[in-house]
Amino acid sequence: MFQQAIEKVLQFTRPLHSISRTYGGLVLPGSSTFFFVNDQGIAITCKHVAEMIPAAENISRQFLHFKTELNAIPKDNKFKRNLQGLELKYKYLPETTIQLKNNFLNCFDTIQEITCHAHPTLDLAILEFKGFNKIFYTSHARFIKDSSKIKQGMSLCRIGYPFPEFSNFRHNPGTDDIEWTNTGNPNSPSFPIDGIVTRFVANSAAEGIAGIEMSTPGLRGQSGGPLFDSNGTVYGMQFATNHLHLGFDLKEHEIINNGKRTKVSNNPFLHVGICVHADKIKEFLREKNISFTETD
């Protein structure tokens, strides 16, 4: 049902690959999604995704300050106590992120600057890429013009990059830095998930309908990905998943498993995806004087 639509949407949908390093030494891959709204290098994503761009610089700057102070500590019998004091000052725990780097895949030949416009109330942001010579995406989103056509029970699809399989990164012990490499797998597969429209979500009485709820979850890493129909027309953008308690709770319920009696407990939830409504995306683009395309 969505085969041709997925091919269309992937022409303008791209992954954001991230690598982070914890103070405990773990280097972790992560991914999220964004998509382009015109041929001028302007895309949209979630606000919580866009916040990683300035965060990467701030986190790395703080780590450099930490290392500068660390190198100034004498290597004597007070070193361990002084190190603990420095860790306390910077609030560094084993799980604390001390480095973060982002990579925008298959978009441009070069990127010199990214300007972020964050929506004041919604989990929505505009990314303006600057300083490129060549564009590598081959189309852009076409938003539904008449949102009254969005009906409960309509089948729609989301796509993004929820399962980071890329491995082209490492920790360089010589520089004590995390870095991208020319070895390993540089890609992660796109992953679509369909569902039906279940409800509409109001952000506030003043803003009215701001979101579309779907019967299936939006997966981690699909944040910022488009919600679209079988023609590839964009209806919204995935940004969150809510967990609805079903009330079918079981406590020490006896079952037979592998020929043995056992007791299980379960508290089931229905996981539903929430998408920013296309009307709210278009309103924000108009507010910033950014061109986009609509279709019937």
# chains A, B, ... in the order shown; residues from 1 in each chain; ligands from 1
>>> residues_around(residues="segment 151-157 of chain A", least_positions_apart="4", cutoff="7 Å", atoms="only C-alpha atoms", output="CSV table (one decimal) with N, CA, C and O atoms, in the first residue's frame")
chain,number,residue,atom,x,y,z
A,192,PRO,N,9.8,1.9,8.1
A,192,PRO,CA,8.5,2.5,8.1
A,192,PRO,C,7.6,1.7,9.1
A,192,PRO,O,7.8,0.5,9.4
A,193,ILE,N,6.6,2.4,9.6
A,193,ILE,CA,5.5,1.7,10.4
A,193,ILE,C,4.2,2.4,10.2
A,193,ILE,O,4.1,3.6,10.2
A,194,ASP,N,3.2,1.6,9.8
A,194,ASP,CA,1.9,2.2,9.5
A,194,ASP,C,1.0,2.1,10.7
A,194,ASP,O,1.3,1.5,11.7
A,195,GLY,N,-0.2,2.7,10.5
A,195,GLY,CA,-1.2,2.6,11.5
A,195,GLY,C,-2.4,3.4,11.1
A,195,GLY,O,-2.5,3.9,9.9
A,196,ILE,N,-3.4,3.5,11.9
A,196,ILE,CA,-4.6,4.3,11.6
A,196,ILE,C,-4.7,5.5,12.5
A,196,ILE,O,-4.2,5.5,13.7
A,197,VAL,N,-5.3,6.6,12.0
A,197,VAL,CA,-5.6,7.7,12.9
A,197,VAL,C,-6.6,7.4,14.0
A,197,VAL,O,-7.7,6.9,13.6
A,198,THR,N,-6.2,7.6,15.2
A,198,THR,CA,-7.1,7.2,16.3
A,198,THR,C,-7.8,8.4,16.9
A,198,THR,O,-9.0,8.4,17.1
A,199,ARG,N,-7.0,9.5,17.2
A,199,ARG,CA,-7.6,10.7,17.8
A,199,ARG,C,-6.8,11.9,17.3
A,199,ARG,O,-5.7,11.8,16.8
A,227,LEU,N,4.9,11.9,8.5
A,227,LEU,CA,3.6,11.1,8.5
A,227,LEU,C,3.0,11.4,7.2
A,227,LEU,O,2.7,12.5,6.8
A,228,PHE,N,2.7,10.3,6.4
A,228,PHE,CA,2.3,10.5,5.0
A,228,PHE,C,1.3,9.4,4.6
A,228,PHE,O,1.1,8.4,5.2
A,229,ASP,N,0.6,9.7,3.5
A,229,ASP,CA,-0.4,8.8,3.0
A,229,ASP,C,0.2,7.9,1.8
A,229,ASP,O,1.4,8.0,1.5
>>> select_by_dssp(residues="segment 47-273 of chain A", states="alpha helix (DSSP H)", output="PyMOL selection string")
chain A and resi 47-50+52-71+79-90
>>> residues_around(residues="segment 285-290 of chain A", least_positions_apart="6", cutoff="9 Å", atoms="only C-alpha atoms", output="PyMOL selection string")
chain A and resi 37-38+42+117+126
>>> atom_distance(atom1="atom CA of Lys75 of chain A", atom2="atom CA of Ile98 of chain A")
22.7 Å
>>> residues_around(residues="Leu244 of chain A", least_positions_apart="3", cutoff="10 Å", atoms="only C-alpha atoms", output="ChimeraX atom specification")
/A:241,247,268-272
>>> write_last_selection(atoms="C-alpha atoms", output="PDB file, in the first residue's frame")
ATOM      1  CA  THR A 241       4.802   8.086  21.843  1.00  0.00           C
ATOM      2  CA  GLY A 247      -6.412  -2.045  32.532  1.00  0.00           C
ATOM      3  CA  PRO A 268      -0.186  -4.031  29.521  1.00  0.00           C
ATOM      4  CA  PHE A 269      -0.083  -0.680  27.759  1.00  0.00           C
ATOM      5  CA  LEU A 270      -1.045   0.464  24.268  1.00  0.00           C
ATOM      6  CA  HIS A 271       1.759   2.530  22.734  1.00  0.00           C
ATOM      7  CA  VAL A 272       0.410   5.234  20.402  1.00  0.00           C
TER       8      VAL A 272
END
>>> residues_around(residues="segment 177-180 of chain A", least_positions_apart="5", cutoff="12 Å", atoms="only C-alpha atoms", output="PyMOL selection string")
chain A and resi 17-22+25-29+60+63-64+67+98-103+166-172+185-186
>>> write_last_selection(atoms="N, CA, C and O atoms", output="CSV table (one decimal), in the first residue's frame")
chain,number,residue,atom,x,y,z
A,17,HIS,N,22.8,11.1,12.3
A,17,HIS,CA,23.6,10.1,13.1
A,17,HIS,C,24.3,10.9,14.2
A,17,HIS,O,24.9,11.9,14.0
A,18,SER,N,24.3,10.3,15.4
A,18,SER,CA,24.9,11.0,16.6
A,18,SER,C,25.8,9.9,17.3
A,18,SER,O,25.4,8.7,17.3
A,19,ILE,N,26.9,10.4,17.8
A,19,ILE,CA,27.7,9.5,18.7
A,19,ILE,C,28.0,10.3,20.0
A,19,ILE,O,28.2,11.5,20.0
A,20,SER,N,27.9,9.6,21.1
A,20,SER,CA,28.1,10.2,22.4
A,20,SER,C,29.0,9.4,23.2
A,20,SER,O,29.1,8.1,23.0
A,21,ARG,N,29.7,10.0,24.1
A,21,ARG,CA,30.7,9.3,25.0
A,21,ARG,C,30.3,9.6,26.4
A,21,ARG,O,30.1,10.8,26.8
A,22,THR,N,30.2,8.6,27.2
A,22,THR,CA,29.9,8.9,28.7
A,22,THR,C,31.2,9.0,29.4
A,22,THR,O,32.3,8.6,29.0
A,25,GLY,N,33.2,5.9,29.8
A,25,GLY,CA,33.9,5.4,28.7
A,25,GLY,C,33.1,4.8,27.6
A,25,GLY,O,33.7,4.3,26.6
A,26,LEU,N,31.8,4.7,27.7
A,26,LEU,CA,31.0,4.1,26.6
A,26,LEU,C,30.9,5.1,25.5
A,26,LEU,O,30.6,6.3,25.7
A,27,VAL,N,31.0,4.6,24.3
A,27,VAL,CA,30.7,5.4,23.1
A,27,VAL,C,29.5,4.8,22.4
A,27,VAL,O,29.5,3.6,22.0
A,28,LEU,N,28.4,5.6,22.3
A,28,LEU,CA,27.1,5.0,21.9
A,28,LEU,C,26.6,5.7,20.6
A,28,LEU,O,26.7,6.9,20.5
A,29,PRO,N,26.1,4.9,19.7
A,29,PRO,CA,25.5,5.5,18.5
A,29,PRO,C,24.0,5.8,18.8
A,29,PRO,O,23.3,5.2,19.6
A,60,SER,N,31.0,19.4,24.6
A,60,SER,CA,32.4,19.3,24.3
A,60,SER,C,33.2,20.4,24.9
A,60,SER,O,34.4,20.1,25.4
A,63,PHE,N,33.8,19.6,28.6
A,63,PHE,CA,34.8,18.5,28.8
A,63,PHE,C,36.2,19.1,28.6
A,63,PHE,O,37.1,18.6,29.3
A,64,LEU,N,36.4,20.0,27.7
A,64,LEU,CA,37.7,20.5,27.5
A,64,LEU,C,38.2,21.3,28.7
A,64,LEU,O,39.3,21.3,29.1
A,67,LYS,N,39.2,18.8,31.3
A,67,LYS,CA,40.5,18.2,31.1
A,67,LYS,C,41.6,19.2,31.4
A,67,LYS,O,42.7,18.8,31.9
A,98,ILE,N,29.8,13.3,28.1
A,98,ILE,CA,30.9,14.3,28.1
A,98,ILE,C,31.3,14.7,26.6
A,98,ILE,O,32.0,15.7,26.5
A,99,GLN,N,30.8,14.0,25.6
A,99,GLN,CA,31.1,14.4,24.3
A,99,GLN,C,29.9,14.0,23.4
A,99,GLN,O,29.2,12.9,23.7
A,100,LEU,N,29.5,14.8,22.4
A,100,LEU,CA,28.4,14.5,21.5
A,100,LEU,C,28.8,15.1,20.1
A,100,LEU,O,29.2,16.2,20.1
A,101,LYS,N,28.6,14.2,19.1
A,101,LYS,CA,28.9,14.7,17.8
A,101,LYS,C,27.8,14.2,16.8
A,101,LYS,O,27.3,13.1,17.0
A,102,ASN,N,27.4,15.1,15.9
A,102,ASN,CA,26.3,14.8,15.0
A,102,ASN,C,26.8,14.8,13.5
A,102,ASN,O,27.7,15.5,13.1
A,103,ASN,N,26.1,14.0,12.7
A,103,ASN,CA,26.4,13.9,11.3
A,103,ASN,C,25.2,13.8,10.5
A,103,ASN,O,24.3,12.9,10.7
A,166,PHE,N,25.0,2.0,12.1
A,166,PHE,CA,26.2,2.5,11.6
A,166,PHE,C,27.3,2.2,12.6
A,166,PHE,O,27.1,2.2,13.9
A,167,SER,N,28.5,2.0,12.1
A,167,SER,CA,29.7,1.7,13.0
A,167,SER,C,30.9,2.5,12.6
A,167,SER,O,32.0,2.1,13.0
A,168,ASN,N,30.8,3.5,11.8
A,168,ASN,CA,31.9,4.3,11.3
A,168,ASN,C,32.4,5.4,12.3
A,168,ASN,O,32.4,6.6,12.0
A,169,PHE,N,32.7,4.9,13.5
A,169,PHE,CA,33.1,5.9,14.6
A,169,PHE,C,34.0,5.1,15.5
A,169,PHE,O,34.1,3.9,15.6
A,170,ARG,N,34.8,5.9,16.3
A,170,ARG,CA,35.7,5.3,17.3
A,170,ARG,C,36.1,6.3,18.4
A,170,ARG,O,35.9,7.5,18.2
A,171,HIS,N,36.6,5.8,19.4
A,171,HIS,CA,37.3,6.7,20.4
A,171,HIS,C,38.8,6.6,20.1
A,171,HIS,O,39.4,5.6,20.0
A,172,ASN,N,39.4,7.8,19.8
A,172,ASN,CA,40.8,7.9,19.5
A,172,ASN,C,41.6,8.1,20.8
A,172,ASN,O,41.5,9.2,21.4
A,185,ASN,N,30.5,0.5,8.8
A,185,ASN,CA,29.2,0.7,8.1
A,185,ASN,C,28.8,2.2,8.4
A,185,ASN,O,28.5,2.5,9.5
A,186,PRO,N,28.6,3.0,7.3
A,186,PRO,CA,28.2,4.4,7.5
A,186,PRO,C,26.7,4.6,7.5
A,186,PRO,O,26.3,5.7,7.7
>>> residues_around(residues="segment 252-254 of chain A", least_positions_apart="6", cutoff="12 Å", atoms="only C-alpha atoms", output="list in words")
Lys260, Arg261, Thr262, Lys263, Val264, Ser265, Asn266 and Asn267 of chain A
>>> residues_around(residues="segment 135-145 of chain A", least_positions_apart="2", cutoff="7 Å", atoms="only C-alpha atoms", output="VMD selection string")
chain A and resid 11 to 12 36 to 39 106 to 109 133 147 233 to 235 278 293 to 296
>>> write_last_selection(atoms="N, CA and C atoms", output="PDB file, in the first residue's frame")
ATOM      1  N   GLN A  11      13.178  10.351  -0.782  1.00  0.00           N
ATOM      2  CA  GLN A  11      13.945  11.302  -1.587  1.00  0.00           C
ATOM      3  C   GLN A  11      14.258  12.575  -0.801  1.00  0.00           C
ATOM      4  N   PHE A  12      13.450  12.878   0.231  1.00  0.00           N
ATOM      5  CA  PHE A  12      13.684  14.110   0.994  1.00  0.00           C
ATOM      6  C   PHE A  12      13.800  13.868   2.503  1.00  0.00           C
ATOM      7  N   PHE A  36      13.204  17.544   4.348  1.00  0.00           N
ATOM      8  CA  PHE A  36      13.298  18.847   3.691  1.00  0.00           C
ATOM      9  C   PHE A  36      11.940  19.297   3.158  1.00  0.00           C
ATOM     10  N   VAL A  37      11.702  20.620   3.266  1.00  0.00           N
ATOM     11  CA  VAL A  37      10.417  21.185   2.859  1.00  0.00           C
ATOM     12  C   VAL A  37      10.519  22.011   1.589  1.00  0.00           C
ATOM     13  N   ASN A  38      11.736  22.258   1.110  1.00  0.00           N
ATOM     14  CA  ASN A  38      11.915  22.950  -0.167  1.00  0.00           C
ATOM     15  C   ASN A  38      13.304  22.612  -0.709  1.00  0.00           C
ATOM     16  N   ASP A  39      13.652  23.219  -1.848  1.00  0.00           N
ATOM     17  CA  ASP A  39      14.960  22.934  -2.462  1.00  0.00           C
ATOM     18  C   ASP A  39      16.000  23.989  -2.110  1.00  0.00           C
ATOM     19  N   ASN A 106      24.012  12.536   3.687  1.00  0.00           N
ATOM     20  CA  ASN A 106      23.530  12.566   2.306  1.00  0.00           C
ATOM     21  C   ASN A 106      22.624  13.766   2.032  1.00  0.00           C
ATOM     22  N   CYS A 107      23.058  14.933   2.488  1.00  0.00           N
ATOM     23  CA  CYS A 107      22.269  16.154   2.295  1.00  0.00           C
ATOM     24  C   CYS A 107      22.967  17.145   1.361  1.00  0.00           C
ATOM     25  N   PHE A 108      24.245  17.444   1.687  1.00  0.00           N
ATOM     26  CA  PHE A 108      24.976  18.476   0.964  1.00  0.00           C
ATOM     27  C   PHE A 108      26.446  18.057   0.828  1.00  0.00           C
ATOM     28  N   ASP A 109      27.147  18.774  -0.054  1.00  0.00           N
ATOM     29  CA  ASP A 109      28.585  18.509  -0.177  1.00  0.00           C
ATOM     30  C   ASP A 109      29.348  19.024   1.027  1.00  0.00           C
ATOM     31  N   ASN A 133      27.292  23.874  -1.575  1.00  0.00           N
ATOM     32  CA  ASN A 133      27.344  24.115  -3.016  1.00  0.00           C
ATOM     33  C   ASN A 133      26.460  23.154  -3.797  1.00  0.00           C
ATOM     34  N   SER A 147      -6.770  20.040   5.460  1.00  0.00           N
ATOM     35  CA  SER A 147      -6.607  19.104   6.579  1.00  0.00           C
ATOM     36  C   SER A 147      -7.926  18.500   7.047  1.00  0.00           C
ATOM     37  N   THR A 233       1.923  12.212   0.301  1.00  0.00           N
ATOM     38  CA  THR A 233       1.549  13.526   0.823  1.00  0.00           C
ATOM     39  C   THR A 233       1.759  13.550   2.331  1.00  0.00           C
ATOM     40  N   VAL A 234       2.383  14.616   2.838  1.00  0.00           N
ATOM     41  CA  VAL A 234       2.758  14.693   4.248  1.00  0.00           C
ATOM     42  C   VAL A 234       1.609  15.277   5.074  1.00  0.00           C
ATOM     43  N   TYR A 235       1.267  14.570   6.161  1.00  0.00           N
ATOM     44  CA  TYR A 235       0.175  14.968   7.055  1.00  0.00           C
ATOM     45  C   TYR A 235       0.677  15.475   8.406  1.00  0.00           C
ATOM     46  N   ALA A 278       0.000  18.732  10.329  1.00  0.00           N
ATOM     47  CA  ALA A 278       0.528  19.463   9.168  1.00  0.00           C
ATOM     48  C   ALA A 278       0.168  20.948   9.220  1.00  0.00           C
ATOM     49  N   THR A 293       5.411  23.477  -0.236  1.00  0.00           N
ATOM     50  CA  THR A 293       4.447  23.065  -1.272  1.00  0.00           C
ATOM     51  C   THR A 293       3.265  22.355  -0.632  1.00  0.00           C
ATOM     52  N   GLU A 294       2.063  22.657  -1.118  1.00  0.00           N
ATOM     53  CA  GLU A 294       0.840  21.973  -0.705  1.00  0.00           C
ATOM     54  C   GLU A 294       0.268  21.196  -1.892  1.00  0.00           C
ATOM     55  N   THR A 295      -0.520  20.189  -1.582  1.00  0.00           N
ATOM     56  CA  THR A 295      -1.183  19.430  -2.631  1.00  0.00           C
ATOM     57  C   THR A 295      -2.535  18.940  -2.136  1.00  0.00           C
ATOM     58  N   ASP A 296      -3.476  18.736  -3.069  1.00  0.00           N
ATOM     59  CA  ASP A 296      -4.817  18.260  -2.714  1.00  0.00           C
ATOM     60  C   ASP A 296      -4.795  16.768  -2.416  1.00  0.00           C
TER      61      ASP A 296
END
>>> closest_residue(among="A:Ile59, A:Leu105, A:Ile212, A:Val9", to="Pro226 of chain A", atoms="only C-alpha atoms")
A:Val9
>>> closest_residue(among="A:Leu219, A:Ile6, A:Leu86, A:Ala50", to="Ala118 of chain A", atoms="only C-alpha atoms")
A:Ala50
>>> select_by_dssp(residues="segment 38-211 of chain A", states="strand (DSSP E)", output="PyMOL selection string")
chain A and resi 42-45+97-104+113-118+125-130+142-144+155-160+169-172+177-180+191-204+208-211
>>> atom_distance(atom1="atom CA of Thr121 of chain A", atom2="atom CA of Gln238 of chain A")
15.6 Å
>>> atom_distance(atom1="atom CA of Gln3 of chain A", atom2="atom CA of Cys46 of chain A")
25.2 Å
>>> closest_residue(among="A:Gly211, A:Gly184, A:Gly273, A:Pro15", to="Tyr161 of chain A", atoms="only C-alpha atoms")
A:Pro15
>>> closest_residue(among="A:Gln4, A:Ile256, A:Thr181, A:Leu70", to="Gln84 of chain A", atoms="only C-alpha atoms")
A:Leu70
